[in-house]
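Pasted below: upload-v7.pdb, PDB, C-alpha atoms and all ligand atoms.
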```pdb
ATOM      1  CA  MET A   1     -15.258  -4.651 216.110
ATOM      2  CA  SER A   2     -19.034  -4.645 216.694
ATOM      3  CA  ALA A   3     -21.141  -5.778 213.771
ATOM      4  CA  ARG A   4     -24.092  -3.759 212.472
ATOM      5  CA  THR A   5     -26.828  -5.804 210.853
ATOM      6  CA  THR A   6     -27.577  -5.415 207.138
ATOM      7  CA  ARG A   7     -30.715  -7.186 206.021
ATOM      8  CA  VAL A   8     -30.601  -8.727 202.549
ATOM      9  CA  GLY A   9     -33.699  -9.341 200.407
ATOM     10  CA  LEU A  10     -33.200 -11.852 197.608
ATOM     11  CA  LEU A  11     -35.005 -11.883 194.257
ATOM     12  CA  GLY A  12     -34.477 -15.282 192.631
ATOM     13  CA  CYS A  13     -33.278 -18.558 194.096
ATOM     14  CA  GLY A  14     -32.073 -20.423 191.012
ATOM     15  CA  VAL A  15     -28.508 -21.485 190.231
ATOM     16  CA  VAL A  16     -26.813 -18.326 191.536
ATOM     17  CA  GLY A  17     -29.433 -17.435 194.169
ATOM     18  CA  SER A  18     -29.238 -20.805 195.888
ATOM     19  CA  GLY A  19     -25.429 -20.598 195.804
ATOM     20  CA  PHE A  20     -25.668 -17.149 197.378
ATOM     21  CA  VAL A  21     -27.838 -18.456 200.226
ATOM     22  CA  GLU A  22     -25.465 -21.363 200.853
ATOM     23  CA  LEU A  23     -22.368 -19.152 200.759
ATOM     24  CA  LEU A  24     -23.891 -16.545 203.034
ATOM     25  CA  MET A  25     -24.797 -19.202 205.620
ATOM     26  CA  ARG A  26     -21.298 -20.671 205.415
ATOM     27  CA  GLU A  27     -19.349 -17.393 205.620
ATOM     28  CA  GLN A  28     -21.665 -15.300 207.822
ATOM     29  CA  SER A  29     -19.661 -15.489 211.056
ATOM     30  CA  ARG A  30     -16.292 -15.004 209.315
ATOM     31  CA  ILE A  31     -17.686 -11.958 207.493
ATOM     32  CA  ALA A  32     -18.918 -10.471 210.768
ATOM     33  CA  ALA A  33     -15.555 -11.041 212.456
ATOM     34  CA  ARG A  34     -13.420  -9.925 209.516
ATOM     35  CA  HIS A  35     -15.473  -7.073 208.070
ATOM     36  CA  GLY A  36     -17.510  -5.930 211.061
ATOM     37  CA  VAL A  37     -20.846  -6.369 209.306
ATOM     38  CA  ALA A  38     -23.597  -8.800 210.254
ATOM     39  CA  LEU A  39     -25.529 -10.001 207.214
ATOM     40  CA  GLU A  40     -28.999 -11.366 207.706
ATOM     41  CA  LEU A  41     -31.124 -12.936 204.984
ATOM     42  CA  GLY A  42     -34.671 -11.530 204.785
ATOM     43  CA  ARG A  43     -37.428 -12.493 202.332
ATOM     44  CA  ILE A  44     -36.604 -14.552 199.251
ATOM     45  CA  LEU A  45     -38.573 -14.367 195.993
ATOM     46  CA  VAL A  46     -38.977 -17.786 194.357
ATOM     47  CA  ARG A  47     -40.969 -19.082 191.399
ATOM     48  CA  ASP A  48     -42.254 -22.213 193.154
ATOM     49  CA  GLY A  49     -43.235 -21.584 196.770
ATOM     50  CA  GLU A  50     -43.747 -25.307 197.488
ATOM     51  CA  LYS A  51     -40.263 -26.473 196.518
ATOM     52  CA  VAL A  52     -38.006 -27.500 199.432
ATOM     53  CA  ARG A  53     -34.594 -25.785 199.231
ATOM     54  CA  ARG A  54     -31.477 -26.604 201.232
ATOM     55  CA  HIS A  55     -30.348 -23.772 203.536
ATOM     56  CA  VAL A  56     -33.595 -21.836 202.959
ATOM     57  CA  ASP A  57     -36.068 -21.192 205.768
ATOM     58  CA  PRO A  58     -39.489 -21.856 204.152
ATOM     59  CA  ARG A  59     -40.975 -18.972 206.183
ATOM     60  CA  ALA A  60     -38.684 -16.542 204.307
ATOM     61  CA  VAL A  61     -39.934 -17.642 200.897
ATOM     62  CA  THR A  62     -42.500 -15.664 198.906
ATOM     63  CA  THR A  63     -43.800 -15.704 195.335
ATOM     64  CA  ASN A  64     -44.647 -11.984 195.512
ATOM     65  CA  ALA A  65     -41.737  -9.635 194.721
ATOM     66  CA  ILE A  66     -43.413  -6.819 196.677
ATOM     67  CA  ASP A  67     -42.802  -8.746 199.906
ATOM     68  CA  VAL A  68     -39.079  -8.368 199.230
ATOM     69  CA  LEU A  69     -39.068  -4.897 197.662
ATOM     70  CA  ASP A  70     -41.387  -3.201 200.161
ATOM     71  CA  GLY A  71     -40.256  -5.277 203.133
ATOM     72  CA  ASP A  72     -37.626  -4.362 205.704
ATOM     73  CA  CYS A  73     -34.434  -5.208 203.799
ATOM     74  CA  ASP A  74     -31.507  -2.801 203.372
ATOM     75  CA  VAL A  75     -30.044  -4.393 200.233
ATOM     76  CA  VAL A  76     -31.951  -6.043 197.386
ATOM     77  CA  VAL A  77     -30.044  -8.764 195.515
ATOM     78  CA  GLU A  78     -31.543  -9.187 192.040
ATOM     79  CA  LEU A  79     -30.874 -12.620 190.527
ATOM     80  CA  VAL A  80     -34.021 -13.218 188.477
ATOM     81  CA  GLY A  81     -32.320 -12.273 185.191
ATOM     82  CA  GLY A  82     -34.020 -10.879 182.092
ATOM     83  CA  VAL A  83     -34.787  -7.235 181.491
ATOM     84  CA  GLU A  84     -38.479  -6.405 182.003
ATOM     85  CA  CYS A  85     -39.354  -7.802 185.447
ATOM     86  CA  ALA A  86     -35.825  -7.426 186.787
ATOM     87  CA  GLY A  87     -35.757  -3.787 185.623
ATOM     88  CA  ALA A  88     -39.081  -3.037 187.336
ATOM     89  CA  TYR A  89     -37.839  -4.663 190.550
ATOM     90  CA  VAL A  90     -34.551  -2.750 190.537
ATOM     91  CA  ARG A  91     -36.312   0.590 189.854
ATOM     92  CA  ARG A  92     -38.693  -0.037 192.737
ATOM     93  CA  ALA A  93     -35.859  -1.052 195.061
ATOM     94  CA  ILE A  94     -34.006   2.161 194.192
ATOM     95  CA  ARG A  95     -37.145   4.270 194.718
ATOM     96  CA  ASN A  96     -37.550   2.593 198.095
ATOM     97  CA  GLY A  97     -34.019   3.681 199.029
ATOM     98  CA  ARG A  98     -32.515   0.193 198.974
ATOM     99  CA  ASP A  99     -29.017  -0.531 197.741
ATOM    100  CA  VAL A 100     -29.038  -3.065 194.910
ATOM    101  CA  VAL A 101     -26.720  -5.897 193.901
ATOM    102  CA  THR A 102     -27.265  -7.530 190.539
ATOM    103  CA  ALA A 103     -25.626 -10.122 188.300
ATOM    104  CA  ASN A 104     -27.798  -9.014 185.393
ATOM    105  CA  LYS A 105     -25.605  -7.964 182.469
ATOM    106  CA  ALA A 106     -28.594  -7.876 180.097
ATOM    107  CA  LEU A 107     -30.330  -5.338 182.320
ATOM    108  CA  LEU A 108     -27.185  -3.224 182.689
ATOM    109  CA  ALA A 109     -26.604  -3.317 178.932
ATOM    110  CA  ALA A 110     -30.204  -2.239 178.265
ATOM    111  CA  ALA A 111     -30.756   0.294 181.044
ATOM    112  CA  GLY A 112     -27.504   0.727 182.983
ATOM    113  CA  ARG A 113     -27.189   4.492 182.579
ATOM    114  CA  GLU A 114     -30.797   5.151 183.615
ATOM    115  CA  LEU A 115     -30.475   2.849 186.664
ATOM    116  CA  PHE A 116     -27.153   4.341 187.819
ATOM    117  CA  ASP A 117     -28.606   7.881 187.460
ATOM    118  CA  ALA A 118     -31.683   6.845 189.473
ATOM    119  CA  ALA A 119     -29.453   5.254 192.124
ATOM    120  CA  ASP A 120     -27.382   8.467 192.343
ATOM    121  CA  ARG A 121     -30.523  10.549 192.802
ATOM    122  CA  SER A 122     -31.751   8.196 195.557
ATOM    123  CA  GLY A 123     -28.316   8.059 197.218
ATOM    124  CA  VAL A 124     -28.057   4.272 196.903
ATOM    125  CA  ALA A 125     -25.452   1.991 195.358
ATOM    126  CA  ILE A 126     -25.675  -0.630 192.625
ATOM    127  CA  GLY A 127     -23.131  -3.446 192.909
ATOM    128  CA  PHE A 128     -22.577  -5.434 189.723
ATOM    129  CA  GLU A 129     -19.349  -7.409 190.216
ATOM    130  CA  ALA A 130     -21.159 -10.667 189.339
ATOM    131  CA  SER A 131     -22.400  -9.357 185.994
ATOM    132  CA  VAL A 132     -19.029  -9.926 184.293
ATOM    133  CA  CYS A 133     -16.704 -12.951 184.504
ATOM    134  CA  GLY A 134     -18.407 -14.745 187.416
ATOM    135  CA  GLY A 135     -15.922 -15.198 190.250
ATOM    136  CA  ILE A 136     -13.147 -12.990 188.803
ATOM    137  CA  PRO A 137     -13.180  -9.613 190.608
ATOM    138  CA  ILE A 138     -12.646  -7.744 187.346
ATOM    139  CA  VAL A 139     -15.151  -4.936 187.979
ATOM    140  CA  ARG A 140     -13.474  -3.981 191.245
ATOM    141  CA  ALA A 141     -10.031  -4.336 189.640
ATOM    142  CA  LEU A 142     -10.995  -1.807 186.975
ATOM    143  CA  GLN A 143     -12.867   0.522 189.339
ATOM    144  CA  ARG A 144     -10.325   0.460 192.168
ATOM    145  CA  GLY A 145      -7.132  -1.462 191.512
ATOM    146  CA  LEU A 146      -6.460   0.287 188.206
ATOM    147  CA  ALA A 147      -7.925   3.648 189.181
ATOM    148  CA  GLY A 148      -4.477   5.254 188.942
ATOM    149  CA  ASP A 149      -3.562   3.902 185.524
ATOM    150  CA  SER A 150      -4.748   4.298 181.933
ATOM    151  CA  VAL A 151      -5.926   1.117 180.248
ATOM    152  CA  GLU A 152      -4.412   0.784 176.784
ATOM    153  CA  SER A 153      -6.110  -2.430 175.703
ATOM    154  CA  LEU A 154      -8.433  -5.132 176.984
ATOM    155  CA  ARG A 155      -9.265  -8.529 175.525
ATOM    156  CA  GLY A 156     -10.573 -11.732 176.986
ATOM    157  CA  ILE A 157     -12.891 -14.698 177.132
ATOM    158  CA  VAL A 158     -16.031 -13.578 178.925
ATOM    159  CA  ASN A 159     -18.648 -16.230 178.140
ATOM    160  CA  GLY A 160     -18.137 -19.407 180.142
ATOM    161  CA  THR A 161     -20.665 -21.445 178.166
ATOM    162  CA  SER A 162     -18.953 -20.809 174.816
ATOM    163  CA  ASN A 163     -15.573 -21.684 176.248
ATOM    164  CA  TYR A 164     -16.975 -24.802 177.911
ATOM    165  CA  ILE A 165     -18.555 -25.891 174.605
ATOM    166  CA  LEU A 166     -15.335 -25.299 172.616
ATOM    167  CA  SER A 167     -13.390 -27.284 175.246
ATOM    168  CA  ARG A 168     -15.835 -30.211 175.052
ATOM    169  CA  MET A 169     -15.724 -30.097 171.232
ATOM    170  CA  GLU A 170     -11.921 -30.412 171.519
ATOM    171  CA  ASP A 171     -12.655 -33.585 173.539
ATOM    172  CA  GLY A 172     -14.791 -34.966 170.691
ATOM    173  CA  LEU A 173     -18.369 -33.829 171.458
ATOM    174  CA  GLU A 174     -20.699 -32.127 168.988
ATOM    175  CA  LEU A 175     -21.829 -28.575 169.762
ATOM    176  CA  ASP A 176     -25.375 -29.522 170.801
ATOM    177  CA  GLU A 177     -24.123 -32.279 173.151
ATOM    178  CA  ALA A 178     -21.664 -29.847 174.738
ATOM    179  CA  LEU A 179     -24.409 -27.231 175.117
ATOM    180  CA  ARG A 180     -26.576 -29.777 176.938
ATOM    181  CA  LEU A 181     -23.763 -30.391 179.421
ATOM    182  CA  ALA A 182     -23.302 -26.649 179.935
ATOM    183  CA  GLN A 183     -27.031 -26.333 180.610
ATOM    184  CA  GLU A 184     -26.953 -29.226 183.095
ATOM    185  CA  ARG A 185     -24.111 -27.511 184.948
ATOM    186  CA  GLY A 186     -26.030 -24.232 185.117
ATOM    187  CA  PHE A 187     -23.604 -22.169 182.992
ATOM    188  CA  ALA A 188     -25.905 -21.400 180.069
ATOM    189  CA  GLU A 189     -28.441 -18.569 179.949
ATOM    190  CA  ALA A 190     -32.153 -19.447 180.127
ATOM    191  CA  ASP A 191     -32.140 -18.660 176.387
ATOM    192  CA  PRO A 192     -28.837 -20.280 175.281
ATOM    193  CA  SER A 193     -28.779 -18.317 172.019
ATOM    194  CA  MET A 194     -27.503 -15.450 174.197
ATOM    195  CA  ASP A 195     -24.377 -17.558 174.743
ATOM    196  CA  LEU A 196     -24.158 -19.202 171.307
ATOM    197  CA  ASP A 197     -24.655 -15.987 169.330
ATOM    198  CA  GLY A 198     -22.239 -13.858 171.353
ATOM    199  CA  VAL A 199     -24.883 -11.549 172.842
ATOM    200  CA  ASP A 200     -23.973 -12.348 176.462
ATOM    201  CA  ALA A 201     -20.282 -11.738 175.710
ATOM    202  CA  ALA A 202     -21.098  -8.439 173.989
ATOM    203  CA  GLN A 203     -23.141  -7.265 176.991
ATOM    204  CA  LYS A 204     -20.245  -8.050 179.323
ATOM    205  CA  LEU A 205     -17.689  -6.446 177.012
ATOM    206  CA  ARG A 206     -19.791  -3.271 176.952
ATOM    207  CA  ILE A 207     -19.662  -3.151 180.749
ATOM    208  CA  LEU A 208     -15.900  -3.745 180.799
ATOM    209  CA  ALA A 209     -15.316  -1.120 178.095
ATOM    210  CA  SER A 210     -17.298   1.487 180.000
ATOM    211  CA  LEU A 211     -15.210   0.782 183.121
ATOM    212  CA  ALA A 212     -11.852   0.705 181.333
ATOM    213  CA  PHE A 213     -12.140   3.492 178.755
ATOM    214  CA  GLU A 214     -13.358   7.085 178.789
ATOM    215  CA  GLU A 215     -14.061   7.083 175.060
ATOM    216  CA  PRO A 216     -17.523   6.308 173.633
ATOM    217  CA  ILE A 217     -18.268   2.987 171.950
ATOM    218  CA  VAL A 218     -18.522   3.771 168.246
ATOM    219  CA  ALA A 219     -18.715   0.275 166.714
ATOM    220  CA  THR A 220     -19.719  -3.225 167.814
ATOM    221  CA  THR A 221     -19.213  -6.528 165.984
ATOM    222  CA  VAL A 222     -20.884  -9.624 167.442
ATOM    223  CA  ARG A 223     -20.380 -13.209 166.276
ATOM    224  CA  GLY A 224     -20.926 -16.309 168.360
ATOM    225  CA  ILE A 225     -19.741 -19.901 168.175
ATOM    226  CA  ARG A 226     -22.946 -21.381 166.712
ATOM    227  CA  GLU A 227     -21.376 -22.043 163.306
ATOM    228  CA  ILE A 228     -18.234 -23.737 164.663
ATOM    229  CA  THR A 229     -18.085 -27.412 163.708
ATOM    230  CA  ARG A 230     -15.980 -30.367 164.824
ATOM    231  CA  ALA A 231     -14.224 -30.085 161.455
ATOM    232  CA  ASP A 232     -13.174 -26.498 162.339
ATOM    233  CA  ILE A 233     -11.839 -27.721 165.689
ATOM    234  CA  ASP A 234      -9.911 -30.565 164.039
ATOM    235  CA  ASP A 235      -8.569 -28.243 161.354
ATOM    236  CA  ALA A 236      -7.396 -25.785 164.029
ATOM    237  CA  ARG A 237      -5.663 -28.594 165.908
ATOM    238  CA  ALA A 238      -3.923 -29.763 162.709
ATOM    239  CA  SER A 239      -2.703 -26.184 162.168
ATOM    240  CA  GLY A 240      -1.355 -25.923 165.737
ATOM    241  CA  VAL A 241      -3.919 -23.345 166.886
ATOM    242  CA  VAL A 242      -7.069 -23.386 169.037
ATOM    243  CA  ILE A 243     -10.424 -21.683 168.509
ATOM    244  CA  ARG A 244     -11.558 -19.398 171.310
ATOM    245  CA  HIS A 245     -14.446 -16.921 171.551
ATOM    246  CA  VAL A 246     -12.576 -13.661 172.048
ATOM    247  CA  ALA A 247     -13.963 -10.314 173.209
ATOM    248  CA  SER A 248     -11.807  -7.254 172.618
ATOM    249  CA  VAL A 249     -11.835  -3.482 172.774
ATOM    250  CA  THR A 250      -9.706  -1.445 170.379
ATOM    251  CA  ARG A 251      -9.191   2.286 170.157
ATOM    252  CA  VAL A 252     -10.438   3.697 166.838
ATOM    253  CA  ALA A 253     -11.093   7.186 165.508
ATOM    254  CA  GLY A 254     -13.685   8.862 167.722
ATOM    255  CA  GLY A 255     -13.836   6.189 170.418
ATOM    256  CA  VAL A 256     -13.491   2.448 170.966
ATOM    257  CA  ALA A 257     -14.677  -0.518 168.908
ATOM    258  CA  LEU A 258     -16.002  -3.703 170.514
ATOM    259  CA  ARG A 259     -15.618  -7.086 168.866
ATOM    260  CA  VAL A 260     -16.712 -10.543 169.988
ATOM    261  CA  ALA A 261     -15.999 -13.403 167.614
ATOM    262  CA  PRO A 262     -14.342 -16.824 167.382
ATOM    263  CA  GLU A 263     -10.609 -16.504 166.724
ATOM    264  CA  ARG A 264      -7.802 -18.950 165.958
ATOM    265  CA  LEU A 265      -5.133 -18.462 168.614
ATOM    266  CA  THR A 266      -1.569 -19.707 168.723
ATOM    267  CA  ALA A 267      -0.273 -21.471 171.845
ATOM    268  CA  SER A 268       1.679 -18.377 172.924
ATOM    269  CA  ASP A 269      -1.571 -16.431 173.434
ATOM    270  CA  PRO A 270      -2.581 -16.508 177.133
ATOM    271  CA  LEU A 271      -6.230 -16.936 176.075
ATOM    272  CA  ALA A 272      -5.379 -20.157 174.184
ATOM    273  CA  ARG A 273      -4.844 -22.031 177.453
ATOM    274  CA  VAL A 274      -8.222 -21.073 178.945
ATOM    275  CA  ARG A 275     -10.491 -24.122 179.109
ATOM    276  CA  ASP A 276     -13.892 -25.212 180.412
ATOM    277  CA  GLU A 277     -16.145 -22.541 181.914
ATOM    278  CA  ASN A 278     -13.157 -20.379 182.790
ATOM    279  CA  ASN A 279     -12.980 -16.769 181.732
ATOM    280  CA  ALA A 280      -9.855 -14.647 181.316
ATOM    281  CA  VAL A 281      -9.165 -10.984 180.737
ATOM    282  CA  VAL A 282      -5.825  -9.551 179.615
ATOM    283  CA  ILE A 283      -5.413  -5.864 180.347
ATOM    284  CA  HIS A 284      -2.525  -3.611 179.335
ATOM    285  CA  GLY A 285      -2.159  -0.652 181.629
ATOM    286  CA  ARG A 286       0.216   2.168 180.686
ATOM    287  CA  ALA A 287       1.916   1.977 184.090
ATOM    288  CA  VAL A 288       1.324  -1.627 185.215
ATOM    289  CA  GLY A 289       1.965  -3.388 181.906
ATOM    290  CA  GLU A 290       0.174  -6.673 181.230
ATOM    291  CA  LEU A 291      -2.254  -8.152 183.766
ATOM    292  CA  LEU A 292      -3.968 -11.512 183.377
ATOM    293  CA  PHE A 293      -7.169 -12.305 185.261
ATOM    294  CA  LEU A 294      -8.243 -15.952 185.099
ATOM    295  CA  GLY A 295     -10.945 -17.948 186.840
ATOM    296  CA  ARG A 296     -14.431 -19.416 186.803
ATOM    297  CA  GLY A 297     -16.680 -17.223 184.693
ATOM    298  CA  ALA A 298     -19.960 -19.014 185.317
ATOM    299  CA  GLY A 299     -21.578 -21.341 187.807
ATOM    300  CA  SER A 300     -23.345 -21.146 191.112
ATOM    301  CA  MET A 301     -20.666 -20.625 193.760
ATOM    302  CA  PRO A 302     -18.133 -18.464 191.836
ATOM    303  CA  THR A 303     -20.907 -16.072 190.795
ATOM    304  CA  ALA A 304     -22.417 -16.150 194.291
ATOM    305  CA  ALA A 305     -19.016 -15.157 195.710
ATOM    306  CA  ALA A 306     -19.018 -12.066 193.494
ATOM    307  CA  VAL A 307     -22.567 -11.185 194.577
ATOM    308  CA  LEU A 308     -21.660 -11.608 198.225
ATOM    309  CA  SER A 309     -18.560  -9.413 197.834
ATOM    310  CA  ASP A 310     -20.821  -6.569 196.652
ATOM    311  CA  VAL A 311     -23.200  -7.103 199.571
ATOM    312  CA  ILE A 312     -20.265  -6.928 202.011
ATOM    313  CA  GLU A 313     -18.930  -3.781 200.338
ATOM    314  CA  ILE A 314     -22.333  -2.096 200.629
ATOM    315  CA  ALA A 315     -22.748  -3.235 204.239
ATOM    316  CA  ARG A 316     -19.310  -1.821 205.074
ATOM    317  CA  SER A 317     -20.121   1.556 203.547
ATOM    318  CA  ARG A 318     -23.458   1.617 205.416
ATOM    319  CA  ARG A 319     -21.485   1.047 208.612
ATOM    320  CA  THR A 320     -19.060   3.861 207.762
ATOM    321  CA  ALA A 321     -21.934   6.208 206.882
ATOM    322  CA  ALA A 322     -23.862   5.450 210.110
TER     323      ALA A 322
HETATM  324  N1  LIG A 401     -24.192 -17.752 180.496
HETATM  325  C1  LIG A 401     -23.155 -17.017 181.136
HETATM  326  C2  LIG A 401     -21.813 -17.584 180.721
HETATM  327  C3  LIG A 401     -23.319 -17.109 182.627
HETATM  328  O1  LIG A 401     -21.791 -18.716 180.243
HETATM  329  O2  LIG A 401     -20.796 -16.924 180.847
HETATM  330  C4  LIG A 401     -22.381 -16.228 183.419
HETATM  331  O3  LIG A 401     -22.547 -14.879 183.104
END
```

The structure in this file should be written as structure tokens.
Amino acid sequence: MSARTTRVGLLGCGVVGSGFVELLMREQSRIAARHGVALELGRILVRDGEKVRRHVDPRAVTTNAIDVLDGDCDVVVELVGGVECAGAYVRRAIRNGRDVVTANKALLAAAGRELFDAADRSGVAIGFEASVCGGIPIVRALQRGLAGDSVESLRGIVNGTSNYILSRMEDGLELDEALRLAQERGFAEADPSMDLDGVDAAQKLRILASLAFEEPIVATTVRGIREITRADIDDARASGVVIRHVASVTRVAGGVALRVAPERLTASDPLARVRDENNAVVIHGRAVGELLFLGRGAGSMPTAAAVLSDVIEIARSRRTAA
């Protein structure tokens, strides 16, 4: 199979971006042989142009996003995060006829519909597998694997930082110490209140709900883990339960209701056994019954793998369309 080259422009070379570069270098020849697409890294937007980065050719680096967006790439990978700048970059990429891959759940929650409409009008794709549950291919499972079934319910753990913190608190740490560890490992958002207050989980749940259900979202409840204390953890243990930050979608009159909040779970609940930065999603399909998706929900390489899977998918459809 001959490989056609797809040139990838990268916006952001932080925790996930640097993992993406490393993974692409490592898997490039296998991807070409297996999927028939040659991926080539183009310009890379960074904050600090002087910093030396492993696997990154310094000549590819720029501190000006226009060099990436108006350059010669076919796919723009947006990993800068946030809403304002990232949104402007994605809109420009779409206007320029580039396909886009993003891990940015905040942007999709704020402007997803507008961006998908703009992408449709421009005839380009937006890949967003990495925006929910890191390395778990849950977006593709809902879009493709479950395309023939009706989802009856969905619940899960979708914020790796909260789960990591609760796990460390079970080991005896205080919440702020556990948060520091999560930050050191690159799981937490730049503004960790997004994790602690449940906002990140709610953004991801909104994306999952829109993929899994036809009905409109008519209610949203959001509570994070900020108020959980060691005493709560000890009390849960004494009662034979564990505390987990659970995100769920329920059918209600007129649509679906979203809820993210700490819950006390018994050992028989599949979510009770999820520890560290892992995420899990339990889906009931009318035909398939119960499905459990489990894996790393945050971190450099798992999230990079999801980003790269979208890039490959786009490169394959470009090859088919050519
Ligand atoms: N802060 C997020 C989390 C990163 O902890 O899940 C991955 O989306």

Against ligand LIG 401 (chain A), which residues of chain A fall within 6 Å? For each one I want the closest pair of atoms and the distance in Å (one decimal), counting only C-alpha atoms and all ligand atoms, rows by chain and increasing residue number, as a Markdown table.
```
| residue | atom | partner | partner_atom | distance |
| --- | --- | --- | --- | --- |
| A:Gly134 | CA | A:LIG401 | C4 | 5.8 |
| A:Asn159 | CA | A:LIG401 | O2 | 3.5 |
| A:Gly160 | CA | A:LIG401 | O2 | 3.7 |
| A:Thr161 | CA | A:LIG401 | O1 | 3.6 |
| A:Phe187 | CA | A:LIG401 | O1 | 4.8 |
| A:Ala188 | CA | A:LIG401 | N1 | 4.1 |
| A:Glu189 | CA | A:LIG401 | N1 | 4.4 |
| A:Asp195 | CA | A:LIG401 | N1 | 5.8 |
| A:Gly297 | CA | A:LIG401 | O2 | 5.6 |
| A:Ala298 | CA | A:LIG401 | C4 | 4.2 |
```

- Task: Would you translate the PyMOL selection byres (((chain A and resi 22) around 12) and not hetatm) into the concrete set of residues it matches in this file, as a list in words?
- Result: Cys13, Gly14, Val15, Val16, Gly17, Ser18, Gly19, Phe20, Val21, Leu23, Leu24, Met25, Arg26, Glu27, Gln28, Leu41, Arg53, Arg54, His55, Val56, Asp57, Ser300, Met301, Pro302, Ala304, Ala305 and Leu308 of chain A

Can you list what the PyMOL selection byres (((chain A and resi 113-129) around 6) and not hetatm) grabs from this structure, as a short mmCIF file (atom, residue, chain, number, x, y, z; two decimals) with C-alpha atoms, in the frame of the given file?
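Writing done, so here's expr_30.cif:
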```
data_model
loop_
_atom_site.label_atom_id
_atom_site.label_comp_id
_atom_site.auth_asym_id
_atom_site.auth_seq_id
_atom_site.Cartn_x
_atom_site.Cartn_y
_atom_site.Cartn_z
CA ILE A 94 -34.01 2.16 194.19
CA ASP A 99 -29.02 -0.53 197.74
CA VAL A 100 -29.04 -3.06 194.91
CA VAL A 101 -26.72 -5.90 193.90
CA THR A 102 -27.26 -7.53 190.54
CA ALA A 103 -25.63 -10.12 188.30
CA ALA A 111 -30.76 0.29 181.04
CA GLY A 112 -27.50 0.73 182.98
CA ALA A 130 -21.16 -10.67 189.34
CA SER A 131 -22.40 -9.36 185.99
CA VAL A 139 -15.15 -4.94 187.98
CA ALA A 306 -19.02 -12.07 193.49
CA ASP A 310 -20.82 -6.57 196.65
#
```

- Item | Residues returned when the PyMOL selection byres (((chain A and resi 267) around 12) and not hetatm) runs on this file, as a PyMOL selection string | chain A and resi 236-237+239-244+264-266+268-274

Okay, now the selection with C-alpha atoms, as a compact mmCIF listing (two decimals), in the coordinates of the input?
```
# COMPACT_ATOMS: atom_id res chain seq x y z
CA ALA A 236 -7.40 -25.78 164.03
CA ARG A 237 -5.66 -28.59 165.91
CA SER A 239 -2.70 -26.18 162.17
CA GLY A 240 -1.36 -25.92 165.74
CA VAL A 241 -3.92 -23.34 166.89
CA VAL A 242 -7.07 -23.39 169.04
CA ILE A 243 -10.42 -21.68 168.51
CA ARG A 244 -11.56 -19.40 171.31
CA ARG A 264 -7.80 -18.95 165.96
CA LEU A 265 -5.13 -18.46 168.61
CA THR A 266 -1.57 -19.71 168.72
CA SER A 268 1.68 -18.38 172.92
CA ASP A 269 -1.57 -16.43 173.43
CA PRO A 270 -2.58 -16.51 177.13
CA LEU A 271 -6.23 -16.94 176.08
CA ALA A 272 -5.38 -20.16 174.18
CA ARG A 273 -4.84 -22.03 177.45
CA VAL A 274 -8.22 -21.07 178.94
```

- Query: Mind pulling up the distance from atom CA of A:Ser162 to atom CA of A:Ala202?
  - Reply: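 For atom CA of A:Ala202 relative to atom CA of A:Ser162, the distance reads 12.6 Å.
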
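The list of residues within 9 Å of (-39.7, -11.9, 202.8), counted using all atoms listed in the file, is Gly9, Leu10, Leu41, Gly42, Arg43, Ile44, Leu45, Arg59, Ala60, Val61, Thr62, Asn64, Ala65, Ile66, Asp67, Val68, Leu69, Gly71, Asp72 and Cys73 of chain A.
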
- Task: Do a neighbour search on A:Ser29 at 9 Å with all atoms listed in the file, toss out local chain neighbours closer than 5 positions, and write the hits as a list in words.
- Result: Arg34, Ala38 and Leu39 of chain A

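Closest approach to A:Asp234 among A:Met194, A:Leu166, A:Ala257, A:Val252 is made by A:Leu166 (distances from all atoms listed in the file).
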
- Task: Rank A:Arg259, A:Arg296, A:Arg230, A:Arg30 by their smallest atom-to-atom distance to A:Leu154, using all atoms listed in the file, and report the top residue only.
- Result: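 Nearest to A:Leu154: A:Arg259.
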
- Show which residues sit within 10 Å of A:Glu290, as a PyMOL selection string. Count all atoms listed in the file, and ignore same-chain residues fewer than 6 positions away. chain A and resi 151-154+282-284

- Determine, counting only C-alpha atoms, which protein, DNA and RNA residues have an atom within 9 Å of an atom of A:Val246; residues of the same chain fewer than 4 positions away are not included. Present the result as a VMD selection string. chain A and resid 155 to 159 201 259 to 263 271

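Distances from A:Asp171, A:Thr229, A:Glu78, A:Tyr164 to A:Ala93 were compared using all atoms listed in the file, and the smallest one belongs to A:Glu78.
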
- Rank nothing, just name the residue among A:Ala141, A:Val76, A:Leu181, A:Ala190 nearest to A:Leu211, using all atoms listed in the file.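 Of A:Ala141, A:Val76, A:Leu181, A:Ala190, the one nearest A:Leu211, counting all atoms listed in the file, is A:Ala141.
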
- Message: Quick check, in Å to one decimal: how far apart do atom CA of A:Glu174 and atom CA of A:Thr221 lie?
- Response: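 Atom CA of A:Glu174 sits 25.8 Å away from atom CA of A:Thr221.
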
- Message: Calculated over only C-alpha atoms, which of the candidates A:Val256, A:Ala209, A:Ile233, A:Ala33 has the smallest distance to A:Arg168?
- Response: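 Checking each of A:Val256, A:Ala209, A:Ile233, A:Ala33 against A:Arg168, counting only C-alpha atoms, the winner is A:Ile233.
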
- Query: What does the distance from atom CA of A:Arg319 to atom CA of A:Val37 come to in Å, to one decimal?
  - Reply: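 Result for atom CA of A:Arg319 versus atom CA of A:Val37: 7.5 Å, one decimal.
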
- Message: Using all atoms listed in the file, which protein or nucleic acid residues come within 12 Å of A:Gly148? Drop anything in the same chain fewer than 5 positions from it, and give the result as a list in words.
- Response: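 My list of contacting residues is Ala141, Leu142, Gln143, Ala212, Gly285, Arg286, Ala287 and Val288 of chain A.
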